[in-house]
Structures are given as C-alpha cells and as structure tokens.
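Worksheet: one structure, shown below.
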Amino acid sequence: MISNFYAKHKAFLSIFLASVVMGGFLVFYISSNMVALVNYDPIWKKDFNETLDLVIKYYDISDHHLTTDTSSSSLLKDKYFLKQIQKEALGRMIDYKILTMELEKINPNWRELARIKIDNATLKIKEQEKFEEGVRTLYGMSFYEFERKVLMPQSQFEIVVEELKKQNKNYDEWLKSKKKKLSISIMVDGLEWREGEVAIK
C-alpha cells in the first residue's frame with residue numbers, strides 16, 4: 001500500500017521534500033545574515049559591518065590596530081572594547097531603523113526636506129574636491145556613500161527633532177517610548193536587548 005502510494009505521488013513528494021529543504025536553507029541563510037529585528041524588520045549583517053567600520057573610523061581607533069575581522073589577534077586583546085563598539089554601532093542602527101519607520105508618519109515629505117538639508121550642507125563646502133578626498137582618506141568611501149551613510153541619517157534625525165519640537169516633545173523621551181512599544185531582537189553574539197537598549201551580556 002505504501003509503495004503504491006509513493007509510486008502514485010512520487011513527483012508531488014519529491015517537490016514537497018525539495019521545498020522543505022530549500023525553505024530550511026532559506027530560513028538559515030536569512031537568519032545567519034541578520035543581526036537584529038525591529039518589529040520583524042531586519043537589520044542585515046552587511047550593513048552592521050559597514051556601520052561598525054564607520055564607528056571605528058569615527059573614533060579613530062586605528063592606532064589600536066582593530067579591524068572587523070574577529071580572527072585578528074589584536075581584536076583578542078581588545079575584545080571588550082570591540083564589544084562596546086559593536087554595542088554602540090547596533091544601538092545607532094536600531095535608532096535609525098526606528099527613525100525611518102516613524103518618519104513617514106511624522107512628515108510624509110521628509111525625503112524632500114532631507115535632500116534640501118544635504119544640499120544646503122554641501123553648498124557650504126568651499127573646496128568640494130578636497131572635502132571628497134578627505135572623506136575617502138578618513139572613511140574609505142566615496143562622497144556618495146558618505147552622503148548615504150552619514151548625511152542622510154543626520155538629516156533624518158534633524159527632521160524628527162524639529163517635528164517633535166513643534167509638538168513640544170523631547171526626542172530622547174519620544175525614542176524611549178517608541179522602543180518600549182516595539183519588538184526588538186538581537187542576534188549578535190555577546191549582545192542582547194535589555195531595558196530598551198543594546199547591552200553586553
């Protein structure tokens with residue numbers, strides 16, 4: 001009976017098993033490439049590594065010979081320090097994720113406002129070529145990347161703060177209340193979400 005059933009439904013069973021295997025692989029691939037979920041909206045490992053690298057450069061800790069390569073012997077000497085940097089980088093990314101989620105509600109025209117802010121900021125740069133060269137030297141990125149990763153988030157932050165001020169609301173208190181309402185999960189080894197912020201285990 002079983003052999004007859006298998007013979008009749010062989011094609012279907014093969015497709016079903018293949019779907020299960022592929023589904024499992026897809027879930028594993030996605031989960032292994034995520035570092036956090038904010039209301040089921042993922043923060044990807046690639047973006048996290050880029051932000052981590054940016055934070056490291058921002059604090060100018062290259063003298064410590066730290067890299068994002070966890071196999072580096074220098075990292076082992078500064079393991080706790082790196083964890084602090086990871087904590088800050090992920091905390092920033094979660095804040096930014098919340099900002100982008102809420103901006104549409106706060107001001108649907110935020111994209112135009114952000115563009116104006118960025119354009120105004122770049123217009124104030126007297127020597128554009130030297131500035132772009134400095135960005136490449138300090139941050140290892142093009143001006144376009146700098147605009148996307150640094151200037152855009154800063155503009156979004158400013159827009160939210162300005163809109164909240166109109167409502168007599170404090171940004172820190174607003175963000176804190178938003179975090180309490182959101183479901184936030186962290187998948188970075190050694191870090192966890194605790195009492196509304198990223199914490200070291």
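A note on labels: chains of the structure tokens are A, B, ... as shown, every chain counts residues from 1, and ligands are counted from 1 in their shown order.
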
Selection near Lys87 of chain A, 10 Å with only C-alpha atoms, sequence-local residues under 3 positions removed, as an MDAnalysis selection string: chainID A and resid 52 81:84 90:93 188 190:192 197:200

Output N, CA and C atoms of each residue in that selection to a file, as a PDB file, in the first residue's frame.
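Listed below is the output, again12.pdb:
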```pdb
ATOM      1  N   LEU A  52      29.762  49.382  11.738  1.00  0.00           N
ATOM      2  CA  LEU A  52      30.806  49.104  12.728  1.00  0.00           C
ATOM      3  C   LEU A  52      32.132  49.693  12.275  1.00  0.00           C
ATOM      4  N   PHE A  81      36.574  46.000  24.390  1.00  0.00           N
ATOM      5  CA  PHE A  81      36.471  47.297  23.723  1.00  0.00           C
ATOM      6  C   PHE A  81      35.711  47.164  22.410  1.00  0.00           C
ATOM      7  N   LEU A  82      35.998  46.115  21.660  1.00  0.00           N
ATOM      8  CA  LEU A  82      35.287  45.874  20.406  1.00  0.00           C
ATOM      9  C   LEU A  82      33.803  45.654  20.672  1.00  0.00           C
ATOM     10  N   LYS A  83      33.498  44.931  21.755  1.00  0.00           N
ATOM     11  CA  LYS A  83      32.097  44.672  22.091  1.00  0.00           C
ATOM     12  C   LYS A  83      31.364  45.982  22.387  1.00  0.00           C
ATOM     13  N   GLN A  84      32.063  46.912  23.024  1.00  0.00           N
ATOM     14  CA  GLN A  84      31.473  48.226  23.283  1.00  0.00           C
ATOM     15  C   GLN A  84      31.167  48.948  21.968  1.00  0.00           C
ATOM     16  N   LEU A  90      25.317  48.939  16.809  1.00  0.00           N
ATOM     17  CA  LEU A  90      23.993  48.331  16.680  1.00  0.00           C
ATOM     18  C   LEU A  90      22.920  49.226  17.296  1.00  0.00           C
ATOM     19  N   GLY A  91      23.265  49.882  18.390  1.00  0.00           N
ATOM     20  CA  GLY A  91      22.325  50.819  19.007  1.00  0.00           C
ATOM     21  C   GLY A  91      21.956  51.941  18.057  1.00  0.00           C
ATOM     22  N   ARG A  92      22.958  52.455  17.351  1.00  0.00           N
ATOM     23  CA  ARG A  92      22.705  53.511  16.362  1.00  0.00           C
ATOM     24  C   ARG A  92      21.810  53.003  15.241  1.00  0.00           C
ATOM     25  N   MET A  93      22.078  51.782  14.804  1.00  0.00           N
ATOM     26  CA  MET A  93      21.297  51.224  13.695  1.00  0.00           C
ATOM     27  C   MET A  93      19.842  51.000  14.089  1.00  0.00           C
ATOM     28  N   VAL A 188      23.403  39.201  17.649  1.00  0.00           N
ATOM     29  CA  VAL A 188      24.862  39.350  17.693  1.00  0.00           C
ATOM     30  C   VAL A 188      25.377  38.675  18.954  1.00  0.00           C
ATOM     31  N   GLY A 190      27.046  37.870  22.199  1.00  0.00           N
ATOM     32  CA  GLY A 190      27.552  38.709  23.283  1.00  0.00           C
ATOM     33  C   GLY A 190      26.741  39.964  23.541  1.00  0.00           C
ATOM     34  N   LEU A 191      25.713  40.206  22.704  1.00  0.00           N
ATOM     35  CA  LEU A 191      24.858  41.373  22.896  1.00  0.00           C
ATOM     36  C   LEU A 191      23.413  40.930  23.088  1.00  0.00           C
ATOM     37  N   GLU A 192      22.639  41.759  23.763  1.00  0.00           N
ATOM     38  CA  GLU A 192      21.227  41.468  23.961  1.00  0.00           C
ATOM     39  C   GLU A 192      20.444  42.771  24.090  1.00  0.00           C
ATOM     40  N   GLU A 197      17.525  49.051  25.479  1.00  0.00           N
ATOM     41  CA  GLU A 197      18.782  49.393  24.807  1.00  0.00           C
ATOM     42  C   GLU A 197      19.637  48.153  24.580  1.00  0.00           C
ATOM     43  N   VAL A 198      20.609  48.299  23.687  1.00  0.00           N
ATOM     44  CA  VAL A 198      21.553  47.211  23.433  1.00  0.00           C
ATOM     45  C   VAL A 198      22.484  47.115  24.631  1.00  0.00           C
ATOM     46  N   ALA A 199      22.663  45.892  25.123  1.00  0.00           N
ATOM     47  CA  ALA A 199      23.518  45.696  26.298  1.00  0.00           C
ATOM     48  C   ALA A 199      24.465  44.524  26.063  1.00  0.00           C
ATOM     49  N   ILE A 200      25.597  44.570  26.739  1.00  0.00           N
ATOM     50  CA  ILE A 200      26.562  43.475  26.676  1.00  0.00           C
ATOM     51  C   ILE A 200      26.144  42.412  27.687  1.00  0.00           C
TER      52      ILE A 200
END
```

Residue contacts of Met101 of chain A (12 Å, only C-alpha atoms) excluding same-chain residues fewer than 2 positions away, as a PyMOL selection string: chain A and resi 38-41+94-99+103-108+110+156+160+175+178-179+182

For Lys117 of chain A, which residue out of A:Met152, A:Ile56, A:Leu37, A:Ile43 is the nearest one, using only C-alpha atoms?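 For Lys117 of chain A, the nearest of the given residues is A:Met152.
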
Mind checking which residues fall within 6 Å of segment 32-36 of chain A, counting only C-alpha atoms, ignoring those fewer than 6 positions away in the same chain, and posting them as a PyMOL selection string? chain A and resi 42-45+185-188

Taking into account only C-alpha atoms, which residue in the set A:Ile184, A:Ser155, A:Ser177, A:Glu195 is nearest to Leu113 of chain A? A:Ser155

So that I can check the secondary structure, give me every residue of segment 20-200 of chain A assigned strand (DSSP E) by backbone DSSP, as a list in words. Met34, Val35, Ala36, Leu37, Val38, Asp41, Pro42, Ile43, Trp44, Ile184, Ser185, Ile186, Leu191, Glu192, Trp193, Arg194, Glu197, Val198, Ala199 and Ile200 of chain A

Could you turn the residues from that selection into a file that holds N, CA and C atoms, as a PDB file, in the first residue's frame?
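Generated file (result38.pdb):
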```pdb
ATOM      1  N   MET A  34      21.301  38.148   9.508  1.00  0.00           N
ATOM      2  CA  MET A  34      20.645  39.215  10.259  1.00  0.00           C
ATOM      3  C   MET A  34      21.367  39.430  11.578  1.00  0.00           C
ATOM      4  N   VAL A  35      21.381  40.670  12.042  1.00  0.00           N
ATOM      5  CA  VAL A  35      21.950  40.954  13.360  1.00  0.00           C
ATOM      6  C   VAL A  35      20.874  41.409  14.340  1.00  0.00           C
ATOM      7  N   ALA A  36      19.728  41.842  13.801  1.00  0.00           N
ATOM      8  CA  ALA A  36      18.637  42.286  14.677  1.00  0.00           C
ATOM      9  C   ALA A  36      17.330  42.347  13.905  1.00  0.00           C
ATOM     10  N   LEU A  37      16.244  42.324  14.672  1.00  0.00           N
ATOM     11  CA  LEU A  37      14.904  42.511  14.116  1.00  0.00           C
ATOM     12  C   LEU A  37      14.215  43.613  14.906  1.00  0.00           C
ATOM     13  N   VAL A  38      13.696  44.590  14.189  1.00  0.00           N
ATOM     14  CA  VAL A  38      12.931  45.670  14.821  1.00  0.00           C
ATOM     15  C   VAL A  38      11.515  45.579  14.274  1.00  0.00           C
ATOM     16  N   ASP A  41      11.375  43.752  11.166  1.00  0.00           N
ATOM     17  CA  ASP A  41      12.096  44.380  10.053  1.00  0.00           C
ATOM     18  C   ASP A  41      13.587  44.146  10.306  1.00  0.00           C
ATOM     19  N   PRO A  42      14.281  43.432   9.413  1.00  0.00           N
ATOM     20  CA  PRO A  42      15.661  43.027   9.708  1.00  0.00           C
ATOM     21  C   PRO A  42      16.705  44.127   9.568  1.00  0.00           C
ATOM     22  N   ILE A  43      17.737  44.000  10.379  1.00  0.00           N
ATOM     23  CA  ILE A  43      18.972  44.763  10.195  1.00  0.00           C
ATOM     24  C   ILE A  43      20.006  43.737   9.743  1.00  0.00           C
ATOM     25  N   TRP A  44      20.600  43.963   8.582  1.00  0.00           N
ATOM     26  CA  TRP A  44      21.456  42.949   7.965  1.00  0.00           C
ATOM     27  C   TRP A  44      22.905  43.048   8.434  1.00  0.00           C
ATOM     28  N   ILE A 184      11.912  44.016  19.668  1.00  0.00           N
ATOM     29  CA  ILE A 184      13.297  44.107  19.193  1.00  0.00           C
ATOM     30  C   ILE A 184      14.081  42.877  19.645  1.00  0.00           C
ATOM     31  N   SER A 185      14.708  42.218  18.677  1.00  0.00           N
ATOM     32  CA  SER A 185      15.520  41.031  18.955  1.00  0.00           C
ATOM     33  C   SER A 185      16.919  41.242  18.398  1.00  0.00           C
ATOM     34  N   ILE A 186      17.915  40.723  19.109  1.00  0.00           N
ATOM     35  CA  ILE A 186      19.317  40.875  18.689  1.00  0.00           C
ATOM     36  C   ILE A 186      19.949  39.508  18.497  1.00  0.00           C
ATOM     37  N   LEU A 191      25.713  40.206  22.704  1.00  0.00           N
ATOM     38  CA  LEU A 191      24.858  41.373  22.896  1.00  0.00           C
ATOM     39  C   LEU A 191      23.413  40.930  23.088  1.00  0.00           C
ATOM     40  N   GLU A 192      22.639  41.759  23.763  1.00  0.00           N
ATOM     41  CA  GLU A 192      21.227  41.468  23.961  1.00  0.00           C
ATOM     42  C   GLU A 192      20.444  42.771  24.090  1.00  0.00           C
ATOM     43  N   TRP A 193      19.131  42.661  23.936  1.00  0.00           N
ATOM     44  CA  TRP A 193      18.253  43.819  24.128  1.00  0.00           C
ATOM     45  C   TRP A 193      17.751  43.782  25.559  1.00  0.00           C
ATOM     46  N   ARG A 194      18.099  44.821  26.329  1.00  0.00           N
ATOM     47  CA  ARG A 194      17.740  44.825  27.744  1.00  0.00           C
ATOM     48  C   ARG A 194      17.302  46.220  28.176  1.00  0.00           C
ATOM     49  N   GLU A 197      17.525  49.051  25.479  1.00  0.00           N
ATOM     50  CA  GLU A 197      18.782  49.393  24.807  1.00  0.00           C
ATOM     51  C   GLU A 197      19.637  48.153  24.580  1.00  0.00           C
ATOM     52  N   VAL A 198      20.609  48.299  23.687  1.00  0.00           N
ATOM     53  CA  VAL A 198      21.553  47.211  23.433  1.00  0.00           C
ATOM     54  C   VAL A 198      22.484  47.115  24.631  1.00  0.00           C
ATOM     55  N   ALA A 199      22.663  45.892  25.123  1.00  0.00           N
ATOM     56  CA  ALA A 199      23.518  45.696  26.298  1.00  0.00           C
ATOM     57  C   ALA A 199      24.465  44.524  26.063  1.00  0.00           C
ATOM     58  N   ILE A 200      25.597  44.570  26.739  1.00  0.00           N
ATOM     59  CA  ILE A 200      26.562  43.475  26.676  1.00  0.00           C
ATOM     60  C   ILE A 200      26.144  42.412  27.687  1.00  0.00           C
TER      61      ILE A 200
END
```

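Remark: for Glu132 of chain A, the closest of the candidate residues A:Ile85, A:Arg111, A:Lys169, A:Phe146 is A:Phe146 (distances computed over only C-alpha atoms).
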